[in-house]
Amino acid sequence: MDRSKSKALFTRAQLSIPGGVNSPVRAFKGVGGHPVFFETGEGVYLEDVDGNRYIDYVASWGPMLLGHRHAGVVEAIRAQAGRALGFGAPTGQETELAERVVSMVPGIEKIRLVNSGTEATMSAIRLARGFTGRDLIIKFDGCYHGHSDSLLVRAGSGLLTLGIPNSPGVPDAVASKTLTLPFNDLDAVRRAFDAYPGQIAGVILEPVAGNMGCVPPLAGYLDGLRDITARSGSLLIFDEVMTGFRVARGGAQALYGVTPDLTTLGKVIGGGLPIGAFGGTAAIMDHIAPAGPVYQAGTLSGNPLAVAAGIAMLESLDENFYRVLAERTEFLAGGLRERAARHNHPLTVNFVCGMFSLFFDAPEEVTGFSHVANSSVDTFNRFFHGMLDRGVYLAPSAFEAGFLGLHHTPDVLDATLDAADGAFADL
Ligand code: HOZ
């Protein structure tokens with residue numbers, strides 16, 4: 001497959017952009033080679049600058065649940081662009097989007113719109129601290145909650161991909177307020193609460209981890225966290241930037257029946273445009289300025305283009321969507337397992353409705369960061385390039401999840417499995 005124009009664009013980009021990209025994982029450092037530069041997206045397909053076509057499993061890192069250039073979303077953006085691009089003042093549509101999210105996500109009674117998942121988690125942490133009057137935060141190894149200082153400690157996603165668990169520039173005084181514990185280990189959480197009585201403001205996690213690859217919660221884990229935090233007057237924060245409107249209409253909290261105090265959401269509520277949000281019970285959210293003293297603000301917050309796209313997206317998601325999405329995800333996961341076994345490659349496939357990950361040479365059950373870290377990155381990377389060369393675009397990192405939607409029709413899934421068969425055979 002000729003990707004010479006992508007290669008040339010990457011060389012040029014590195015002269016004016018650090019590392020040639022505006023977000024690290026995109027640089028392909030994790031998998032080797034150079035990134036693909038894209039030009040168009042249509043439904044399930046992406047086309048690159050060299051005219052190559054790919055089935056897309058990155059979905060702009062999650063939000064393209066309805067595929068690229070979904071007609072309803074594009075029309076909503078076009079209509080709004082004909083009215084105004086921004087006011088820095090309230091609009092009725094912000095309330096409409098807020099009401100929709102409130103009606104869909106069990107733990108959200110009130111919501112504040114921001115501009116990214118990073119902003120959402122950063123603000124949720126501040127709110128948890130301001131509300132409880134406590135400083136310490138618990139996060140879990142391999143979970144990634146954006147790049148704000150408090151949360152950039154033993155984080156997943158790009159830090160895991162690049163092997164830099166903590167970032168220079170985060171003061172020790174800030175990092176020391178974040179306790180990191182193993183994911184899916186309730187005893188570790190109990191011990192931390194015993195060690196720091198009355199000091200833990202909140203526990204933040206991806207209820208299905210997605211930034212160390214897809215790692216679902218063990219049975220009882222989320223309930224256990226709910227119980228421990230409730231008894232300790234600490235807030236439970238679900239980062240649903242990936243899982244929101246993906247694993248179920250009401251997110252992971254609806255799927256697993258555990259309601260957090262605060263929820264963070266990302267670009268999915270803008271149909272893929274730059275937006276994010278955090279929400280929770282009215283009692284907690286009313287501590288946010290101007291209702292309360294915890295400050296949070298933003299001129300672009302509630303941007304009308306993103307809001308219009310988000311309304312169009314959310315109104316297309318019904319329960320049937322998730323029933324079919326779960327079936328397709330299971331079909332893909334089963335097919336990948338079967339193809340890998342056919343070629344004698346030990347492969348663990350983790351999945352939850354709409355998201356999945358492949359771990360080579362890993363334990364049969366991948367339930368936490370230590371399992372993920374011991375899987376074979378080298379085999380993943382060779383598989384990744386085998387798929388890329390066969391026209392399937394997976395996330396360029398062994399530590400990211402793949403995403404699908406209903407635009408991944410049975411035909412598309414069959415084509416993916418054919419490509420996988422070839423890629424496994426070549427490993
Ligand atoms: N942190 C993102 C994935 N979990 C990658 C974002 C990007 O490169 O756009």
# chains A, B, ... in the order shown; residues from 1 in each chain; ligands from 1
$ closest_atom_pairs --of "stretch 229-270 of chain A" --to "stretch 45-63 of chain A" --cutoff "8 Å" --atoms "only C-alpha atoms" --output "CSV"
residue,atom,partner,partner_atom,distance
A:Met242,CA,A:Gly62,CA,6.1
A:Lys267,CA,A:Pro63,CA,5.9
A:Val268,CA,A:Pro63,CA,4.2
A:Ile269,CA,A:Pro63,CA,7.8
$ write_last_selection --atoms "all heavy atoms" --output "mmCIF file, in the first residue's frame"
data_model
loop_
_atom_site.group_PDB
_atom_site.id
_atom_site.type_symbol
_atom_site.label_atom_id
_atom_site.label_comp_id
_atom_site.auth_asym_id
_atom_site.auth_seq_id
_atom_site.Cartn_x
_atom_site.Cartn_y
_atom_site.Cartn_z
ATOM 1 N N MET A 242 -15.056 7.596 27.525
ATOM 2 C CA MET A 242 -15.126 6.533 26.505
ATOM 3 C C MET A 242 -16.438 5.759 26.561
ATOM 4 O O MET A 242 -16.999 5.413 25.530
ATOM 5 C CB MET A 242 -13.984 5.544 26.699
ATOM 6 C CG MET A 242 -12.693 5.970 26.045
ATOM 7 S SD MET A 242 -11.549 4.574 26.022
ATOM 8 C CE MET A 242 -10.080 5.415 25.487
ATOM 9 N N LYS A 267 -16.230 14.013 24.023
ATOM 10 C CA LYS A 267 -16.644 14.419 22.677
ATOM 11 C C LYS A 267 -17.882 13.730 22.126
ATOM 12 O O LYS A 267 -18.499 14.223 21.190
ATOM 13 C CB LYS A 267 -15.464 14.204 21.722
ATOM 14 C CG LYS A 267 -14.770 12.868 21.935
ATOM 15 C CD LYS A 267 -13.256 12.996 21.760
ATOM 16 C CE LYS A 267 -12.494 11.764 22.232
ATOM 17 N NZ LYS A 267 -12.065 11.778 23.611
ATOM 18 N N VAL A 268 -18.263 12.600 22.730
ATOM 19 C CA VAL A 268 -19.449 11.911 22.221
ATOM 20 C C VAL A 268 -20.691 12.794 22.332
ATOM 21 O O VAL A 268 -21.586 12.720 21.495
ATOM 22 C CB VAL A 268 -19.648 10.552 22.953
ATOM 23 C CG1 VAL A 268 -20.031 10.743 24.404
ATOM 24 C CG2 VAL A 268 -20.663 9.693 22.225
ATOM 25 N N ILE A 269 -20.741 13.684 23.336
ATOM 26 C CA ILE A 269 -21.949 14.511 23.466
ATOM 27 C C ILE A 269 -21.919 15.710 22.501
ATOM 28 O O ILE A 269 -22.818 16.548 22.527
ATOM 29 C CB ILE A 269 -22.208 14.998 24.919
ATOM 30 C CG1 ILE A 269 -21.063 15.876 25.432
ATOM 31 C CG2 ILE A 269 -22.446 13.838 25.861
ATOM 32 C CD1 ILE A 269 -21.481 16.707 26.629
#
$ residues_near_ligand --ligand "ligand 1" --cutoff "9 Å" --atoms "only C-alpha atoms and all ligand atoms" --output "PDB file with N, CA and C atoms, in the first residue's frame"
ATOM      1  N   VAL A  21       2.699  15.885  15.590  1.00  0.00           N
ATOM      2  CA  VAL A  21       1.286  15.595  15.888  1.00  0.00           C
ATOM      3  C   VAL A  21       0.785  16.505  17.003  1.00  0.00           C
ATOM      4  N   ASN A  22      -0.515  16.620  17.109  1.00  0.00           N
ATOM      5  CA  ASN A  22      -1.092  17.436  18.172  1.00  0.00           C
ATOM      6  C   ASN A  22      -1.598  16.617  19.350  1.00  0.00           C
ATOM      7  N   SER A  23      -1.315  15.334  19.333  1.00  0.00           N
ATOM      8  CA  SER A  23      -1.617  14.461  20.472  1.00  0.00           C
ATOM      9  C   SER A  23      -0.739  13.212  20.287  1.00  0.00           C
ATOM     10  N   PRO A  24       0.006  12.806  21.338  1.00  0.00           N
ATOM     11  CA  PRO A  24       1.133  11.894  21.145  1.00  0.00           C
ATOM     12  C   PRO A  24       0.837  10.542  20.489  1.00  0.00           C
ATOM     13  N   VAL A  25      -0.249   9.868  20.878  1.00  0.00           N
ATOM     14  CA  VAL A  25      -0.444   8.498  20.382  1.00  0.00           C
ATOM     15  C   VAL A  25      -0.518   8.465  18.855  1.00  0.00           C
ATOM     16  N   ARG A  26      -0.999   9.541  18.273  1.00  0.00           N
ATOM     17  CA  ARG A  26      -1.158   9.623  16.819  1.00  0.00           C
ATOM     18  C   ARG A  26       0.148   9.469  16.045  1.00  0.00           C
ATOM     19  N   ALA A  27       1.273   9.709  16.722  1.00  0.00           N
ATOM     20  CA  ALA A  27       2.556   9.725  16.010  1.00  0.00           C
ATOM     21  C   ALA A  27       3.025   8.338  15.602  1.00  0.00           C
ATOM     22  N   SER A  60     -12.487   8.338  15.770  1.00  0.00           N
ATOM     23  CA  SER A  60     -12.066   9.587  16.402  1.00  0.00           C
ATOM     24  C   SER A  60     -11.903   9.384  17.915  1.00  0.00           C
ATOM     25  N   TRP A  61     -11.398   8.225  18.286  1.00  0.00           N
ATOM     26  CA  TRP A  61     -11.190   7.796  19.674  1.00  0.00           C
ATOM     27  C   TRP A  61     -12.515   7.671  20.426  1.00  0.00           C
ATOM     28  N   GLY A  62     -13.529   7.287  19.705  1.00  0.00           N
ATOM     29  CA  GLY A  62     -14.778   6.920  20.403  1.00  0.00           C
ATOM     30  C   GLY A  62     -16.068   7.551  19.913  1.00  0.00           C
ATOM     31  N   TYR A 144      -6.643   6.496  32.397  1.00  0.00           N
ATOM     32  CA  TYR A 144      -6.221   7.818  31.925  1.00  0.00           C
ATOM     33  C   TYR A 144      -7.436   8.735  31.986  1.00  0.00           C
ATOM     34  N   HIS A 145      -7.230   9.915  32.558  1.00  0.00           N
ATOM     35  CA  HIS A 145      -8.352  10.847  32.704  1.00  0.00           C
ATOM     36  C   HIS A 145      -7.983  12.210  32.142  1.00  0.00           C
ATOM     37  N   GLY A 146      -7.276  12.219  31.026  1.00  0.00           N
ATOM     38  CA  GLY A 146      -6.852  13.495  30.474  1.00  0.00           C
ATOM     39  C   GLY A 146      -5.539  13.919  31.098  1.00  0.00           C
ATOM     40  N   HIS A 147      -5.079  15.113  30.700  1.00  0.00           N
ATOM     41  CA  HIS A 147      -3.698  15.452  31.052  1.00  0.00           C
ATOM     42  C   HIS A 147      -3.576  16.566  32.087  1.00  0.00           C
ATOM     43  N   GLY A 156      -2.654   5.829  31.798  1.00  0.00           N
ATOM     44  CA  GLY A 156      -2.667   5.014  30.588  1.00  0.00           C
ATOM     45  C   GLY A 156      -2.523   5.868  29.343  1.00  0.00           C
ATOM     46  N   SER A 157      -3.113   5.388  28.252  1.00  0.00           N
ATOM     47  CA  SER A 157      -3.109   6.065  26.961  1.00  0.00           C
ATOM     48  C   SER A 157      -1.690   6.385  26.499  1.00  0.00           C
ATOM     49  N   GLY A 158      -1.430   7.641  26.104  1.00  0.00           N
ATOM     50  CA  GLY A 158      -0.141   7.995  25.526  1.00  0.00           C
ATOM     51  C   GLY A 158       1.027   7.782  26.477  1.00  0.00           C
ATOM     52  N   LEU A 159       0.778   7.964  27.794  1.00  0.00           N
ATOM     53  CA  LEU A 159       1.882   7.788  28.742  1.00  0.00           C
ATOM     54  C   LEU A 159       2.309   6.340  28.791  1.00  0.00           C
ATOM     55  N   GLY A 210     -10.389   1.867  29.425  1.00  0.00           N
ATOM     56  CA  GLY A 210     -10.225   1.861  27.973  1.00  0.00           C
ATOM     57  C   GLY A 210      -8.862   2.352  27.548  1.00  0.00           C
ATOM     58  N   ASN A 211      -8.162   2.991  28.469  1.00  0.00           N
ATOM     59  CA  ASN A 211      -6.888   3.614  28.107  1.00  0.00           C
ATOM     60  C   ASN A 211      -5.678   2.758  28.443  1.00  0.00           C
ATOM     61  N   MET A 212      -5.924   1.512  28.893  1.00  0.00           N
ATOM     62  CA  MET A 212      -4.828   0.518  28.930  1.00  0.00           C
ATOM     63  C   MET A 212      -5.281  -0.632  28.037  1.00  0.00           C
ATOM     64  N   MET A 242     -15.056   7.596  27.525  1.00  0.00           N
ATOM     65  CA  MET A 242     -15.126   6.533  26.505  1.00  0.00           C
ATOM     66  C   MET A 242     -16.438   5.759  26.561  1.00  0.00           C
ATOM     67  N   ALA A 395      -6.441   1.400  16.490  1.00  0.00           N
ATOM     68  CA  ALA A 395      -5.698   2.416  17.240  1.00  0.00           C
ATOM     69  C   ALA A 395      -4.210   2.082  17.209  1.00  0.00           C
ATOM     70  N   PHE A 399      -2.180  -0.267  23.741  1.00  0.00           N
ATOM     71  CA  PHE A 399      -2.852   0.092  24.986  1.00  0.00           C
ATOM     72  C   PHE A 399      -4.053   1.017  24.774  1.00  0.00           C
ATOM     73  N   GLU A 400      -4.680   0.904  23.628  1.00  0.00           N
ATOM     74  CA  GLU A 400      -5.896   1.685  23.390  1.00  0.00           C
ATOM     75  C   GLU A 400      -7.005   0.710  22.983  1.00  0.00           C
ATOM     76  N   ALA A 401      -8.247   1.144  23.152  1.00  0.00           N
ATOM     77  CA  ALA A 401      -9.378   0.288  22.778  1.00  0.00           C
ATOM     78  C   ALA A 401      -9.770   0.532  21.327  1.00  0.00           C
TER      79      ALA A 401
END
$ closest_residue --among "A:Gly202, A:Gly32, A:Gly257, A:Gly422" --to "A:Gly130" --atoms "only C-alpha atoms"
A:Gly202
$ select_by_dssp --residues "stretch 201-422 of chain A" --states "strand (DSSP E or B)" --output "JSON, numbers by chain"
{"A": [201, 202, 203, 204, 205, 209, 211, 213, 215, 235, 236, 237, 238, 239, 262, 263, 264, 265, 276, 277, 278, 279, 280, 288, 294, 347, 348, 349, 350, 351, 352, 355, 356, 357, 358, 359, 360, 392, 393, 402, 403]}
$ closest_residue --among "A:Arg83, A:Arg112, A:Lys5, A:Arg246" --to "A:Leu97" --atoms "only C-alpha atoms"
A:Arg112
$ residues_around --residues "A:Arg328" --least-positions-apart "2" --cutoff "12 Å" --atoms "only C-alpha atoms" --output "MDAnalysis selection string"
chainID A and resid 321:326 330:335 351:356 403:414
$ atom_distance --atom1 "atom CA of A:Gly88" --atom2 "atom CA of A:Ser301"
7.7 Å
$ residues_around --residues "A:Tyr256" --least-positions-apart "2" --cutoff "9 Å" --atoms "only C-alpha atoms" --output "VMD selection string"
chain A and resid 207 222 to 223 251 to 254 258 to 259
$ closest_residue --among "A:Glu364, A:Glu75, A:Glu94, A:Glu42" --to "A:Gly302" --atoms "only C-alpha atoms"
A:Glu94
$ atom_distance --atom1 "atom CA of A:Leu317" --atom2 "atom CA of A:Ser123"
27.2 Å
$ select_by_dssp --residues "stretch 176-326 of chain A" --states "alpha helix (DSSP H)" --output "PyMOL selection string"
chain A and resi 186-195+221-232+251-256+282-285+304-314+319-326
$ residues_around --residues "A:Gly250" --least-positions-apart "2" --cutoff "6 Å" --atoms "only C-alpha atoms" --output "PyMOL selection string"
chain A and resi 104-105+245+248+254
